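Structure first, then comments.
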Amino acid sequence: WSWSEEDLSYMEGSPVIRATESMSLKLKREFSDLQKSLLLPRKDIFPEENFTFQNFQWAFSILFSRAIRLTSLKSGQAVALIPYADLINHNPFANSYVDARNEGWLTQNEVVSVYSDRSYKKMEQIYISYGPKSNSDLLLLYGFALDRNPFNSVEITVSLEQNDPLFGEKNDFLKRAGMPLTMSFPLYNDRYPDEAFQYMRLICFEKSDRDALGAIEDVEFADKVSNQNELQVLSLIIEACERALERYPTTEEEDTALMIDRGMYSLLSKNQRMAVKHRRQEKRILKKTIAAVMKQKERLSPSFAK
């Protein structure tokens, strides 16, 4: 969210752009509220030249990228800035972690320790996990992405259209469930969440399904509604993936060609190179999902393959 406009332009088409804009707007609102409630009324304590939005952004980035949650303090859980511990790099496969503990038999001093997941050699780098974060989250919060990330994902967006013959009934159902008309869901390298499938079963629910199963509120969307409904859901996933791919100004093949061209690739800034790698990974997830869903359609309806 602190990248330059030029660096961000290399993310065009990616959901990261929307998340970045949302984060920036949130920060501006929070700073505005802070100014009204505290900074401006007490300029004698908080001089304007020091308590600027730029400094607020810096403090926020330090907190988000460096803070560590300690769960074993005597006083309860807390978030802390811990010198040196904040230098430990992220590895999604690591089980080492940082936490507080009591040291000493009589004094019982509280200290912060790194608990390693295995034996380490001298000068060998130790890693901890920052949590099950996608590359989008890592870029947004920490400014980096990973080549191998089992939690990597890309969002697709699905909406209930107002021209749906059952729009009124579906809209009422969603309101009662506290759900919006438009929802975004993460797609992973090898799966998508059950909630996405359930939501899309509702979106694809037709009058013939209602005739067979009854009113919408009586249907259990965690289970298959019908073969036809399931095929429509799979088609909806493919359409959402294809729309997502169309938003990028470049293709996966063009991104790959740029990365292979060492001369051109080296001219990009670090953030720009990271953006190219990230957008290519997103496109690969979308294309893998399309291929996997096409196979599901073939298994569900042999006639589809013909």
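Residues are named by chain letter and number: chains run A, B, ... in the order of the structure tokens, numbers start at 1 in each chain, and ligands are numbered from 1 in the order shown.
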- prompt: Which residues in region 96-268 of chain A does DSSP call helix (DSSP H, G or I)? List them as number ranges by chain.
  reply: A: 135-142, 167-177, 194-203, 207-213, 216-218, 227-246, 252-260, 262-266
Can you tell me, as a PDB file with N, CA, C and O atoms, in the first residue's frame, what residues are no more than 12 Å from Arg284 (chain A) when counting only C-alpha atoms, ignoring any on the same chain fewer than 2 positions away?
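Contents of the output file around32.pdb:
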ATOM      1  N   ASN A 152      -0.899 -19.386  -1.287  1.00  0.00           N
ATOM      2  CA  ASN A 152      -1.126 -18.359  -2.308  1.00  0.00           C
ATOM      3  C   ASN A 152      -2.521 -18.512  -2.918  1.00  0.00           C
ATOM      4  O   ASN A 152      -3.024 -19.631  -3.083  1.00  0.00           O
ATOM      5  N   SER A 153      -3.135 -17.401  -3.233  1.00  0.00           N
ATOM      6  CA  SER A 153      -4.491 -17.432  -3.773  1.00  0.00           C
ATOM      7  C   SER A 153      -4.742 -16.182  -4.607  1.00  0.00           C
ATOM      8  O   SER A 153      -3.963 -15.223  -4.570  1.00  0.00           O
ATOM      9  N   VAL A 154      -5.836 -16.214  -5.352  1.00  0.00           N
ATOM     10  CA  VAL A 154      -6.306 -15.039  -6.091  1.00  0.00           C
ATOM     11  C   VAL A 154      -7.823 -15.011  -5.968  1.00  0.00           C
ATOM     12  O   VAL A 154      -8.473 -16.059  -5.975  1.00  0.00           O
ATOM     13  N   LEU A 187      -9.274 -18.323  -4.623  1.00  0.00           N
ATOM     14  CA  LEU A 187      -8.958 -19.572  -5.318  1.00  0.00           C
ATOM     15  C   LEU A 187      -7.515 -19.918  -4.990  1.00  0.00           C
ATOM     16  O   LEU A 187      -6.624 -19.084  -5.132  1.00  0.00           O
ATOM     17  N   TYR A 188      -7.280 -21.152  -4.552  1.00  0.00           N
ATOM     18  CA  TYR A 188      -5.931 -21.602  -4.236  1.00  0.00           C
ATOM     19  C   TYR A 188      -5.389 -22.453  -5.384  1.00  0.00           C
ATOM     20  O   TYR A 188      -6.099 -22.736  -6.346  1.00  0.00           O
ATOM     21  N   ASN A 189      -4.131 -22.867  -5.248  1.00  0.00           N
ATOM     22  CA  ASN A 189      -3.520 -23.670  -6.302  1.00  0.00           C
ATOM     23  C   ASN A 189      -4.261 -24.978  -6.535  1.00  0.00           C
ATOM     24  O   ASN A 189      -4.299 -25.476  -7.651  1.00  0.00           O
ATOM     25  N   ASP A 190      -4.845 -25.521  -5.469  1.00  0.00           N
ATOM     26  CA  ASP A 190      -5.434 -26.855  -5.587  1.00  0.00           C
ATOM     27  C   ASP A 190      -6.869 -26.946  -5.058  1.00  0.00           C
ATOM     28  O   ASP A 190      -7.396 -28.045  -4.910  1.00  0.00           O
ATOM     29  N   CYS A 241     -13.273 -16.729 -13.613  1.00  0.00           N
ATOM     30  CA  CYS A 241     -11.824 -16.814 -13.848  1.00  0.00           C
ATOM     31  C   CYS A 241     -11.447 -16.129 -15.163  1.00  0.00           C
ATOM     32  O   CYS A 241     -10.435 -15.413 -15.233  1.00  0.00           O
ATOM     33  N   GLU A 242     -12.239 -16.342 -16.175  1.00  0.00           N
ATOM     34  CA  GLU A 242     -11.955 -15.734 -17.477  1.00  0.00           C
ATOM     35  C   GLU A 242     -12.079 -14.213 -17.402  1.00  0.00           C
ATOM     36  O   GLU A 242     -11.264 -13.489 -18.005  1.00  0.00           O
ATOM     37  N   ALA A 244     -11.542 -12.443 -14.738  1.00  0.00           N
ATOM     38  CA  ALA A 244     -10.371 -11.999 -13.972  1.00  0.00           C
ATOM     39  C   ALA A 244      -9.133 -11.935 -14.865  1.00  0.00           C
ATOM     40  O   ALA A 244      -8.343 -10.989 -14.781  1.00  0.00           O
ATOM     41  N   LEU A 245      -8.956 -12.924 -15.728  1.00  0.00           N
ATOM     42  CA  LEU A 245      -7.806 -12.937 -16.638  1.00  0.00           C
ATOM     43  C   LEU A 245      -7.857 -11.779 -17.629  1.00  0.00           C
ATOM     44  O   LEU A 245      -6.819 -11.215 -17.998  1.00  0.00           O
ATOM     45  N   THR A 251      -0.539 -11.138 -20.733  1.00  0.00           N
ATOM     46  CA  THR A 251      -0.844 -12.550 -20.537  1.00  0.00           C
ATOM     47  C   THR A 251       0.253 -13.201 -19.697  1.00  0.00           C
ATOM     48  O   THR A 251       1.328 -12.613 -19.472  1.00  0.00           O
ATOM     49  N   GLU A 252      -0.003 -14.422 -19.248  1.00  0.00           N
ATOM     50  CA  GLU A 252       1.010 -15.166 -18.503  1.00  0.00           C
ATOM     51  C   GLU A 252       2.247 -15.378 -19.374  1.00  0.00           C
ATOM     52  O   GLU A 252       3.388 -15.259 -18.884  1.00  0.00           O
ATOM     53  N   GLU A 253       2.026 -15.652 -20.662  1.00  0.00           N
ATOM     54  CA  GLU A 253       3.146 -15.890 -21.582  1.00  0.00           C
ATOM     55  C   GLU A 253       4.008 -14.632 -21.743  1.00  0.00           C
ATOM     56  O   GLU A 253       5.248 -14.716 -21.794  1.00  0.00           O
ATOM     57  N   ASP A 255       4.322 -12.246 -19.480  1.00  0.00           N
ATOM     58  CA  ASP A 255       5.050 -12.070 -18.220  1.00  0.00           C
ATOM     59  C   ASP A 255       6.270 -12.986 -18.169  1.00  0.00           C
ATOM     60  O   ASP A 255       7.354 -12.576 -17.741  1.00  0.00           O
ATOM     61  N   THR A 256       6.091 -14.226 -18.608  1.00  0.00           N
ATOM     62  CA  THR A 256       7.190 -15.182 -18.614  1.00  0.00           C
ATOM     63  C   THR A 256       8.312 -14.715 -19.543  1.00  0.00           C
ATOM     64  O   THR A 256       9.496 -14.788 -19.191  1.00  0.00           O
ATOM     65  N   LYS A 277       6.146 -11.034 -11.144  1.00  0.00           N
ATOM     66  CA  LYS A 277       6.103 -12.422 -10.662  1.00  0.00           C
ATOM     67  C   LYS A 277       4.753 -12.736 -10.021  1.00  0.00           C
ATOM     68  O   LYS A 277       4.172 -13.803 -10.240  1.00  0.00           O
ATOM     69  N   HIS A 278       4.253 -11.771  -9.243  1.00  0.00           N
ATOM     70  CA  HIS A 278       2.990 -12.012  -8.538  1.00  0.00           C
ATOM     71  C   HIS A 278       1.813 -12.105  -9.503  1.00  0.00           C
ATOM     72  O   HIS A 278       0.979 -13.012  -9.372  1.00  0.00           O
ATOM     73  N   ARG A 279       1.742 -11.200 -10.465  1.00  0.00           N
ATOM     74  CA  ARG A 279       0.602 -11.236 -11.392  1.00  0.00           C
ATOM     75  C   ARG A 279       0.650 -12.501 -12.249  1.00  0.00           C
ATOM     76  O   ARG A 279      -0.393 -13.050 -12.623  1.00  0.00           O
ATOM     77  N   ARG A 280       1.870 -12.999 -12.555  1.00  0.00           N
ATOM     78  CA  ARG A 280       1.974 -14.251 -13.308  1.00  0.00           C
ATOM     79  C   ARG A 280       1.460 -15.418 -12.464  1.00  0.00           C
ATOM     80  O   ARG A 280       0.764 -16.303 -12.978  1.00  0.00           O
ATOM     81  N   GLN A 281       1.789 -15.419 -11.171  1.00  0.00           N
ATOM     82  CA  GLN A 281       1.298 -16.483 -10.291  1.00  0.00           C
ATOM     83  C   GLN A 281      -0.227 -16.466 -10.207  1.00  0.00           C
ATOM     84  O   GLN A 281      -0.875 -17.513 -10.209  1.00  0.00           O
ATOM     85  N   GLU A 282      -0.815 -15.272 -10.138  1.00  0.00           N
ATOM     86  CA  GLU A 282      -2.275 -15.165 -10.091  1.00  0.00           C
ATOM     87  C   GLU A 282      -2.899 -15.745 -11.356  1.00  0.00           C
ATOM     88  O   GLU A 282      -3.893 -16.481 -11.293  1.00  0.00           O
ATOM     89  N   LEU A 286      -5.553 -18.971 -11.805  1.00  0.00           N
ATOM     90  CA  LEU A 286      -6.822 -18.848 -12.540  1.00  0.00           C
ATOM     91  C   LEU A 286      -6.903 -19.881 -13.659  1.00  0.00           C
ATOM     92  O   LEU A 286      -7.944 -20.535 -13.848  1.00  0.00           O
ATOM     93  N   LYS A 287      -5.806 -20.063 -14.395  1.00  0.00           N
ATOM     94  CA  LYS A 287      -5.810 -21.018 -15.509  1.00  0.00           C
ATOM     95  C   LYS A 287      -5.865 -22.464 -15.006  1.00  0.00           C
ATOM     96  O   LYS A 287      -6.518 -23.317 -15.603  1.00  0.00           O
ATOM     97  N   LYS A 288      -5.184 -22.736 -13.892  1.00  0.00           N
ATOM     98  CA  LYS A 288      -5.255 -24.076 -13.291  1.00  0.00           C
ATOM     99  C   LYS A 288      -6.675 -24.377 -12.838  1.00  0.00           C
ATOM    100  O   LYS A 288      -7.171 -25.502 -12.988  1.00  0.00           O
ATOM    101  N   THR A 289      -7.325 -23.367 -12.260  1.00  0.00           N
ATOM    102  CA  THR A 289      -8.701 -23.552 -11.798  1.00  0.00           C
ATOM    103  C   THR A 289      -9.622 -23.848 -12.968  1.00  0.00           C
ATOM    104  O   THR A 289     -10.469 -24.746 -12.901  1.00  0.00           O
ATOM    105  N   ILE A 290      -9.466 -23.110 -14.065  1.00  0.00           N
ATOM    106  CA  ILE A 290     -10.289 -23.346 -15.253  1.00  0.00           C
ATOM    107  C   ILE A 290     -10.112 -24.780 -15.752  1.00  0.00           C
ATOM    108  O   ILE A 290     -11.090 -25.481 -16.035  1.00  0.00           O
ATOM    109  N   ALA A 291      -8.857 -25.225 -15.832  1.00  0.00           N
ATOM    110  CA  ALA A 291      -8.581 -26.591 -16.309  1.00  0.00           C
ATOM    111  C   ALA A 291      -9.189 -27.637 -15.377  1.00  0.00           C
ATOM    112  O   ALA A 291      -9.780 -28.624 -15.839  1.00  0.00           O
TER     113      ALA A 291
END
field: Non-local contacts of Arg148 (chain A) (10 Å; only C-alpha atoms; under 4 positions in same chain excluded) as a PyMOL selection string
entry: chain A and resi 91-93+135+152
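Closest approach to Gly13 (chain A) from the set A:Arg299, A:Arg176, A:Arg243, A:Arg118 is made by A:Arg243, with distances taken over only C-alpha atoms.
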query: Interatomic distance between CA of Gln228 (chain A) and CA of Asp209 (chain A)?
result: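 Computing the Euclidean distance for CA of Gln228 (chain A) and CA of Asp209 (chain A) yields 9.1 Å.
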task: Check the DSSP output for the backbone and give back, as a list in words, the residues of region 77-121 of chain A in strand (DSSP E).
output: Ala78, Val79, Ala80, Asn89, His90, Tyr97, Val98, Asp99, Ala100, Arg101, Asn102, Glu103, Asn109, Glu110, Val111, Val112, Ser113, Val114 and Tyr115 of chain A
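Checking A:Ser184, A:Asn149, A:Gln77, A:Ser24 one by one against Phe53 (chain A), counting only C-alpha atoms, you find the shortest gap at A:Ser24.
Nearest residue to Trp58 (chain A), choosing from A:Asp99, A:Lys175, A:Ala222, A:Leu27 and counting only C-alpha atoms: A:Leu27.
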message: Can you tell me which residues surround Asp172 (chain A) at a distance of at most 12 Å, considering only C-alpha atoms, apart from same-chain residues fewer than 5 positions away, and format the answer as a list in words?
response: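 Residues meeting the cut-off are Leu160, Leu166, Phe167, Ala177, Gly178, Met179, Pro180, Leu181, Leu202, Ala215, Ile216 and Glu217 of chain A.
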